[in-house]
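**Q** Questions regarding the structure given below will be posed in turn.
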Amino acid sequence: MKKLVQSLFVMLLIATSVLAQDKKVTGKVTAKDDGMPLPGVSVKVTGTNIGTQTNVDGKYSITIPLNSRTIEVSYVGFSTQKLVVGDNTVINVSLASDAKALSEVIVNGIVPIKRKEFAGAATSISSENLGNKPVASFDQLLQGRVPGLSALTSSGAPGSSTNIIIRGSSSLAGGSTPLYIVDGVPIEQNTFQGLNSNDFESVEVLRDASASALYGSRGANGVIVISTKRGKAGKLTIGFDSQFGVKTPPSFAFTPQSTKQLLQTQENYGLLADPNGSVLTNANNLPGWVYSPKNPGNAGLTPAQKARYASILDSISQINTNWHDVTFKNGTFSNNQVTLSGGGEKVRSFTSLGLYNEKGTTARSSFDRVTLRNNIDITDNKFKAQISSSLAYVSRSNQQSTTTNSTGNPFLSFAITPPYSVPTLPDGNYYTGTGAKFVGGNQLQLTALDINKNNQLKALLSGTASYEITNHLSAAITSGIDYRETQGSNYGNKLAYVRITSTTPTGKAGFQSESLTRFLTANVRPSFTYQNLFNNKHSVNFSVLGEYVGEFAKSLSLTGYGIDPRTPNTPAAITQATASNQLFGNLGGGKSQNTLLSAMIIGNYTYDGKYTLNASYRNDGSSKLPEKNRWVGFYSISGVWNAKQENFLKDVDFVNSLRFKASYGGSGNNGNDNFAYGDFGYLPQFSLGTTLTGNRTLFPSNVGNPDLTWEKVYQTNIGIDFDIFRGKIFGELNVYNKVTKDLFVQKTLSATSGLGVGGSIIVNAGQLQNRGFEWDINYRPIDKNDFIWTIYANGAYNQNKITSLGGEQSYESGTGKITEGLPSSAQYTVRWGGVDAATGAPLYYTKDGKLTTNYSSNDQVQTFGQSEAPWKGGFGTELRYKQFGFSTLFSFQQGATKSDNLEYFVENTSFIRNGYNQSTSLDFWQKPGDIASTPSPVYSSNFSSKILHDASFIRLRDVTISYFLPKSILTKSKFISSAKLYVQGTNLIMFTKWRGPDPEAGAPNINLSEYPNPTAFTAGLNFTF
Amino acid sequence: MIKYKYIGLFLLGATFTLSSCKNTLDLVPTDSFSNANAFRTTDDLQQGLNTAYNQFTAYSNNVYVSALISDEAKLGADNSGQGTLTYQYQYSADATTGGDVTNAWGGYYSLIDQANRILAATPAVAGDINVKNNIKAQLLGLRGISHFELLRMYSKNFSASDPLGVPYLTASNVLGKPSRNTQAEDMTMLEKDLADSYSLLPAVTTSNFTDTAINKVNIDAYRARISLYKGDYQKAIDYATTVINSGIRPISSGSAFQGIWTDSNNEEVLFRIRYANNTSFGSLFTTTSGNIYLAPSSKLTSLYATSDIRKATYIGSNGSGLPFVKKYEKSTARGGRAVDLKVIRISEMYLIRAEAYAKLTSPNVLLGAQDLNTVRKNRITGYTDQIYTDKDVLLADVIEERLKELAFEGQRFFDLKRNNLPVNRSTNDAAPSYLNLAANSYRFVLPIPSSEILANPNIVQNSGYNN
């Protein structure tokens, strides 16, 4: 009976099919939010290869075969719609733009992969989170946006780039910077100031092996793929974006003491450090003690002398300079851009001209940029070409020193210059000299007199041409160059105090340095792709590719002396050196190149939209490796199970999409920044030099390593993509295990090697593991036409561990120590034991955990956590109600520790003696029983865990409130098609226990008073005509 | 038709790719060259030799170590830790506390490695055999001298039966882990290197003599120094006599003597290391901005008579009246602290000979006193020869004279060590805890750097030090 019904049913179906006719359907596709026609939209008959695209007016026409009943309308950046044809012959479609649908295709820079067939972990950042932000280097915008990606900006100086680490550092010596691809071609790492992020359509962060293995020897640290905006067919649109703002001076948890407080501090200090009043007699450094009535050395003074001392003290205490205000100022920011976009069916173009200007929060810190981008798309029947070009000119101005412990660094000098000093004398000249009192004046003078600039020209050119040879076979070639030329000039004015007091002929004479660095990457990648669908069920995709990447670097530099201040900052001012003036300058430079050749196959098979299997193999040959190790193969294999397509889930309403995925593969750590050995490091080499007296020398400059090979990262990723409760909750979860093999570790050599005491080479010996999990979850409580509210949270936990040093000894590296079984960024110092309440002596823990007053560097231990945060991520909300938009981004890191060197300066009695100012938080031991945080002044200070603190933070990274002018107003204006006004705050609030200026600033392990990331307030408007 | 146009375009691109790829993996560096290309002409060898001379700046460690451990210096007014631990006898083998005393280990071995690399390359280089031999001789000389300097720093006083000499290297081996040779082996090999060097070197004439390169005269001068150290006093006398009699750099006095220390002449100097403007070895004592890190000891200052020209020549007084080491204050030509480092001067030959005469099995006090008086006569105005009858009195005076004459020239520490004498500092120079260093203290034998022991387990650490 059952069978009979079934048969009948089947027959009925066939009958219906037979009855149906081939028919033509036409229609128009428009955008839901503005009603504008959408050209280039794909309209496809479901389950077939029959498809078409909409024309300039958004219209299409398609013939539906007799047995097909639905069409799919899809377009990048919009939700795909599936429509039942039924009896209709005209189907007009209104597509809703959808952030989560933005990347139906994963752009991996090599071959596009449909997101539903992608088995790895990738996160896409859309243009609205990349454009119109008050930072010049786009990588700063990635913080908190991508699970598993750590983005810490070590300097707040305008135009600085960010340290990006994806899924934990996978190398000790080889670098952890990911590979960057723009419009299909690789670009130089860490120099993004010449790229205008307003031009970016999307940034795709590829984190797992299925994506990174496609880049073979360069993929180990993940790949960041940037796609720029392209012209859309239709009428010409002119866009105008303008944004202005201010950046506020840095704020610090440390408050410098006022004159009154400092004089008191000095007196308290003197009473302990100089009980007889006979040693500390430097009145410049310690007026609060030298003139103190409590100083026993003053006991024998005559009443007249005592009165004089009192009046000196009184006049000093009248001065109270706020060095923070003198040193810092409000920075300004503006970003203006004009875009032109449009074209026909065959040729479309996108052009943008951007002007970015930023002035930092200290003097002589500024950034100006002009960018021009021109993207052209050509479609001619079966031929397609995309040509992208961008040109940028950047001019940066820097202070001589903002990243060191030098007193010329304003971020230190403001904190340590005593408040009873003044910046300038009544005659307007800076108050300069030797000693603490003059630190601020010297710094300001040096900043005012010296000039340190660098200008950068960056050109990016890329093109892809493809041709469909048959319906199933196409050929393509991608080619491009990335060219950067940086010209630096540094002028040292001879009138600066540090030069006037120099004793060497060159030191006195003022200097002019000029440098030129050129970097070129050339890339060519031909490919053939075969794709077919068999029996409507077996989808096959197969590509064969070849690749050439060449990198060419060259640099020149010169330094000359004897500069007349009337001709500042020009090489023309250099005095020719003679035997009598001794103004011998320096000339230098170098050049290098490397080549990568590759052959690659990529295959993809999908069964019935349910099961996908991807595999790739790439063989890379590199000039950087010795001949015997030159060619290295990398492979990946991955699979997806699209569970939603299974019968048991098909009709489950609350599951919109559910995919399980797994990938495994390997890649190498060779980027231009990521290879510890440089271009020819494997090769033992001799170089020419010059002796101390000018004789030519020839010496072994490189030991070489005949066994050198890549550090290789093997990664397993298992993940799930989901979209449930009708789009209310969607996201992605991943777990991964990333193992670095052939890890570079330091092999210490005997000094008889000729490399000196502790000389070492780097060998491929160790193993490192990063494993963790990532989440990216979005909750959309409200999803209506004019009211969309999303709450999102992403983040990751990563455990980093050196699993083997390959038999080599544990060794110190920077302030840390590389030890088997510990994280690579484990902190290494002596444990601070507080202050002995009875004596005021500093207490330290020995290795065995006993308290001691003797400091020994042999007692350093590694029990203070790590500088690389295991937990990191971001969260926030996006809300759009009618014309209003509101969005926030919080970013966080948790579990990182960092040394605070500013604290070492401002809570340290040793520096009171030098005359440096201290923090109001200084609390030193003065009498038995005192529970103090800083030891008695009679003891010296040493580096210990006293200054090592938790650098976890939650930062309100971005708040944007926007307002779209209503259509009703715009239509009256006739020519404005859309207008948006917005205000924005960047780095507004920070929740942290860290007391230094910014837990992000400086190296991950220690802050040496670097430029903190500023808080910015901006307002802007976008118009489209 | 269009189809073929595009296919053509593609093929063109692909061809370009492939053709550009040909051989592109076999790149060679442009800024340096591989070992095979390093030495092709005698000029290349000479340039390699120049590097070796440059590396002899390792000798500045002798000067610094000697000043820190002996009694010729004291910590200066502006010292904020520079050399403090060493001065206070707290140095150990690790890099943090022992850098001052372990640096020389790396410096001399780097020089030795460089010499060995060039010596290995020399036979294959085409060129004038005389030029080649001269270069080879200088390298052998430097190699021998360097091993000697290592031996006197890192081994006990010479004893043929002592197994703990230093590794003697005659070939470059980057990954090598050599053991310590015996002192006897070291001495045999370094004497052979110096003898080979001597026989290959051309005869010295007034016109070809230069004090910035190894030559027959300064090889002999070094052999005099080595013989005295080894206890071969007759040889010490013979070598010193050869050098003195060569007359190439006679002893000088007055303003000519003073000029040595500003590099305005090269009187007396048999071998020196050149320094240029921007490398200021003298700033170990006094920085270019005038901070005094290491000052002449009051003990030394009090030894000089007012009529002794050395007092004002060696010891200066700054604006605040604080004494500083004037020997390395400045070069007339090159300015601050960039003074050449004098390795051997003729006056040392007189003092070596005087000491050797006193130490002979049958001492010759008369001749010894004559040499001592020669030195003093040239330094002290109105000096009248002192008559000696007792060899021990003479010996004591020679050792004190060496302190006065060779102060801050890297000799005092080794003089005390060689003669098994203690360091006795003045209470004006040092606190009780580091006032004295007992004769034969293990600290006279400097520690081998701990990184060496870690990297090379075949090396035995000197007694008294932890690794």
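Residues are referred to by chain and number: the chain letter is A, B, ... according to the order shown in the structure tokens, the number counts from 1 in that chain, and ligands are numbered separately from 1 in the order shown.
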Would you kindly return, as a PyMOL selection string, each protein, DNA or RNA residue with an atom no farther than 6 Å from any atom of B:Arg337, considering only C-alpha atoms and excluding same-chain residues fewer than 3 positions away?
**A** chain B and resi 280+282-283+328-330
**Q** Excluding stretch 256-264 of chain B and any residue of its chain fewer than 6 positions from it, enumerate the residues within 6 Å of it, using only C-alpha atoms, and give them as number ranges by chain.
**A** B: 327, 330-332
**Q** Which of these residues is nearest to chain B, using only C-alpha atoms: A:Ile720, A:Ala837, A:Ala826, A:Ala476?
**A** A:Ala476
**Q** May I have all residues of stretch 37-140 of chain A that DSSP, computed from the backbone, assigns to helix (DSSP H, G or I), given as an MDAnalysis selection string?
**A** chainID A and resid 99:101 115:117 127:129 138:140
**Q** Do a neighbour search on A:Thr470 at 12 Å with only C-alpha atoms, toss out local chain neighbours closer than 5 positions, and write the hits as a ChimeraX atom specification.
**A** /A:382-383,475,528-532 /B:3,7
**Q** Go ahead and save the residues from that selection, with N, CA, C and O atoms, as a PDB file, in the first residue's frame.
**A**
ATOM      1  N   LYS A 382      34.283  36.020 -22.682  1.00  0.00           N
ATOM      2  CA  LYS A 382      34.916  35.032 -21.817  1.00  0.00           C
ATOM      3  C   LYS A 382      36.213  35.533 -21.193  1.00  0.00           C
ATOM      4  O   LYS A 382      36.899  34.807 -20.486  1.00  0.00           O
ATOM      5  N   PHE A 383      36.540  36.737 -21.504  1.00  0.00           N
ATOM      6  CA  PHE A 383      37.764  37.303 -20.974  1.00  0.00           C
ATOM      7  C   PHE A 383      37.432  38.252 -19.821  1.00  0.00           C
ATOM      8  O   PHE A 383      36.486  39.032 -19.897  1.00  0.00           O
ATOM      9  N   ALA A 475      41.966  29.668 -18.010  1.00  0.00           N
ATOM     10  CA  ALA A 475      43.363  29.979 -17.734  1.00  0.00           C
ATOM     11  C   ALA A 475      43.422  31.381 -17.159  1.00  0.00           C
ATOM     12  O   ALA A 475      42.601  32.233 -17.499  1.00  0.00           O
ATOM     13  N   PHE A 528      45.767  27.279 -14.407  1.00  0.00           N
ATOM     14  CA  PHE A 528      44.677  26.682 -15.175  1.00  0.00           C
ATOM     15  C   PHE A 528      43.689  26.099 -14.174  1.00  0.00           C
ATOM     16  O   PHE A 528      44.101  25.475 -13.193  1.00  0.00           O
ATOM     17  N   THR A 529      42.418  26.319 -14.432  1.00  0.00           N
ATOM     18  CA  THR A 529      41.411  25.765 -13.534  1.00  0.00           C
ATOM     19  C   THR A 529      40.376  24.981 -14.338  1.00  0.00           C
ATOM     20  O   THR A 529      39.898  25.449 -15.375  1.00  0.00           O
ATOM     21  N   TYR A 530      40.088  23.805 -13.837  1.00  0.00           N
ATOM     22  CA  TYR A 530      39.055  22.981 -14.458  1.00  0.00           C
ATOM     23  C   TYR A 530      37.942  22.831 -13.450  1.00  0.00           C
ATOM     24  O   TYR A 530      38.180  22.558 -12.272  1.00  0.00           O
ATOM     25  N   GLN A 531      36.703  23.031 -13.910  1.00  0.00           N
ATOM     26  CA  GLN A 531      35.610  22.812 -12.983  1.00  0.00           C
ATOM     27  C   GLN A 531      34.442  22.189 -13.712  1.00  0.00           C
ATOM     28  O   GLN A 531      34.193  22.473 -14.870  1.00  0.00           O
ATOM     29  N   ASN A 532      33.758  21.310 -13.037  1.00  0.00           N
ATOM     30  CA  ASN A 532      32.616  20.655 -13.679  1.00  0.00           C
ATOM     31  C   ASN A 532      31.678  20.110 -12.615  1.00  0.00           C
ATOM     32  O   ASN A 532      32.058  19.929 -11.458  1.00  0.00           O
TER      33      ASN A 532
ATOM     34  N   LYS B   3      39.516  34.831 -29.065  1.00  0.00           N
ATOM     35  CA  LYS B   3      39.958  33.751 -28.189  1.00  0.00           C
ATOM     36  C   LYS B   3      41.465  33.539 -28.299  1.00  0.00           C
ATOM     37  O   LYS B   3      42.170  33.442 -27.303  1.00  0.00           O
ATOM     38  N   ILE B   7      44.488  33.821 -25.550  1.00  0.00           N
ATOM     39  CA  ILE B   7      45.359  32.682 -25.256  1.00  0.00           C
ATOM     40  C   ILE B   7      46.808  33.080 -25.497  1.00  0.00           C
ATOM     41  O   ILE B   7      47.701  32.769 -24.710  1.00  0.00           O
TER      42      ILE B   7
END
**Q** Restricting the calculation to only C-alpha atoms: of A:Gly40, A:Gly1002, A:Ile563, A:Tyr617, which residue gets closest to A:Lys346?
**A**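 So, comparing all the options, the nearest one is A:Gly40.
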**Q** Enter the distance from atom CA of A:Asn669 to atom CA of A:Ser515, in Å, rounded to one decimal.
**A**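 Value for the atom CA of A:Asn669-atom CA of A:Ser515 distance: 29.4 Å.
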**Q** Which residues are close to A:Asn221, i.e. within 9 Å by only C-alpha atoms, leaving aside same-chain residues fewer than 6 positions away? Reply as number ranges by chain.
**A** A: 165-171, 175-179, 207, 212, 667-669, 674, 713
**Q** I want to know what sits within 6 Å of stretch 326-337 of chain A, based on only C-alpha atoms, with residues of the same chain fewer than 2 positions away left out; could you give that as a CSV table (one decimal) with N, CA, C and O atoms, in the first residue's frame?
**A**
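Result file follows (around.csv):
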chain,number,residue,atom,x,y,z
A,240,PHE,N,32.2,61.4,-1.4
A,240,PHE,CA,33.1,62.4,-0.7
A,240,PHE,C,33.0,62.1,0.8
A,240,PHE,O,32.0,62.0,1.4
A,241,ASP,N,34.2,61.7,1.3
A,241,ASP,CA,34.3,61.4,2.8
A,241,ASP,C,35.2,62.5,3.4
A,241,ASP,O,36.3,62.7,2.9
A,242,SER,N,34.8,63.0,4.5
A,242,SER,CA,35.6,63.9,5.2
A,242,SER,C,35.5,63.7,6.7
A,242,SER,O,34.4,63.4,7.2
A,243,GLN,N,36.6,63.8,7.4
A,243,GLN,CA,36.7,63.4,8.8
A,243,GLN,C,37.7,64.3,9.5
A,243,GLN,O,38.8,64.5,9.0
A,244,PHE,N,37.3,64.8,10.6
A,244,PHE,CA,38.3,65.6,11.4
A,244,PHE,C,38.2,65.2,12.9
A,244,PHE,O,37.2,64.6,13.3
A,245,GLY,N,39.3,65.5,13.6
A,245,GLY,CA,39.3,65.1,15.0
A,245,GLY,C,40.5,65.6,15.7
A,245,GLY,O,41.4,66.2,15.2
A,246,VAL,N,40.4,65.2,17.0
A,246,VAL,CA,41.6,65.6,17.9
A,246,VAL,C,42.0,64.3,18.6
A,246,VAL,O,41.3,63.4,18.8
A,247,LYS,N,43.3,64.3,18.9
A,247,LYS,CA,43.9,63.2,19.7
A,247,LYS,C,44.4,63.8,21.0
A,247,LYS,O,45.1,64.8,20.9
A,248,THR,N,44.0,63.3,22.1
A,248,THR,CA,44.3,63.9,23.4
A,248,THR,C,45.7,63.4,23.9
A,248,THR,O,46.1,62.3,23.6
A,249,PRO,N,46.3,64.3,24.7
A,249,PRO,CA,47.6,63.9,25.3
A,249,PRO,C,47.5,62.6,26.1
A,249,PRO,O,46.4,62.4,26.7
A,323,TRP,N,55.3,69.6,33.7
A,323,TRP,CA,56.0,69.1,32.5
A,323,TRP,C,55.2,68.3,31.5
A,323,TRP,O,55.5,68.2,30.4
A,324,HIS,N,54.1,67.7,32.1
A,324,HIS,CA,53.2,67.0,31.2
A,324,HIS,C,52.6,68.0,30.2
A,324,HIS,O,52.5,67.8,29.0
A,353,LEU,N,40.9,59.3,-4.4
A,353,LEU,CA,42.0,60.2,-4.0
A,353,LEU,C,41.9,60.5,-2.5
A,353,LEU,O,40.8,61.0,-2.1
A,354,GLY,N,42.9,60.2,-1.7
A,354,GLY,CA,42.7,60.4,-0.3
A,354,GLY,C,43.8,61.3,0.3
A,354,GLY,O,45.0,61.2,-0.2
A,355,LEU,N,43.4,62.1,1.2
A,355,LEU,CA,44.4,62.9,1.9
A,355,LEU,C,44.3,62.7,3.4
A,355,LEU,O,43.2,62.9,4.0
A,356,TYR,N,45.4,62.3,4.0
A,356,TYR,CA,45.3,62.0,5.5
A,356,TYR,C,46.4,62.8,6.1
A,356,TYR,O,47.5,63.0,5.6
A,357,ASN,N,46.0,63.4,7.2
A,357,ASN,CA,46.9,64.3,7.9
A,357,ASN,C,46.7,64.1,9.4
A,357,ASN,O,45.6,64.1,9.9
A,358,GLU,N,47.8,63.9,10.1
A,358,GLU,CA,47.8,63.7,11.6
A,358,GLU,C,48.9,64.4,12.2
A,358,GLU,O,50.1,64.3,11.8
A,359,LYS,N,48.6,65.1,13.3
A,359,LYS,CA,49.7,65.6,14.1
A,359,LYS,C,49.6,65.0,15.5
A,359,LYS,O,48.5,64.9,16.1
A,360,GLY,N,50.7,64.5,15.9
A,360,GLY,CA,50.7,63.7,17.2
A,360,GLY,C,50.6,64.6,18.4
A,360,GLY,O,50.5,65.8,18.3
A,361,THR,N,50.7,63.9,19.5
A,361,THR,CA,50.5,64.6,20.8
A,361,THR,C,51.8,65.2,21.4
A,361,THR,O,51.9,65.7,22.5
A,362,THR,N,52.9,65.0,20.6
A,362,THR,CA,54.1,65.7,21.0
A,362,THR,C,54.6,66.5,19.8
A,362,THR,O,54.1,66.3,18.7
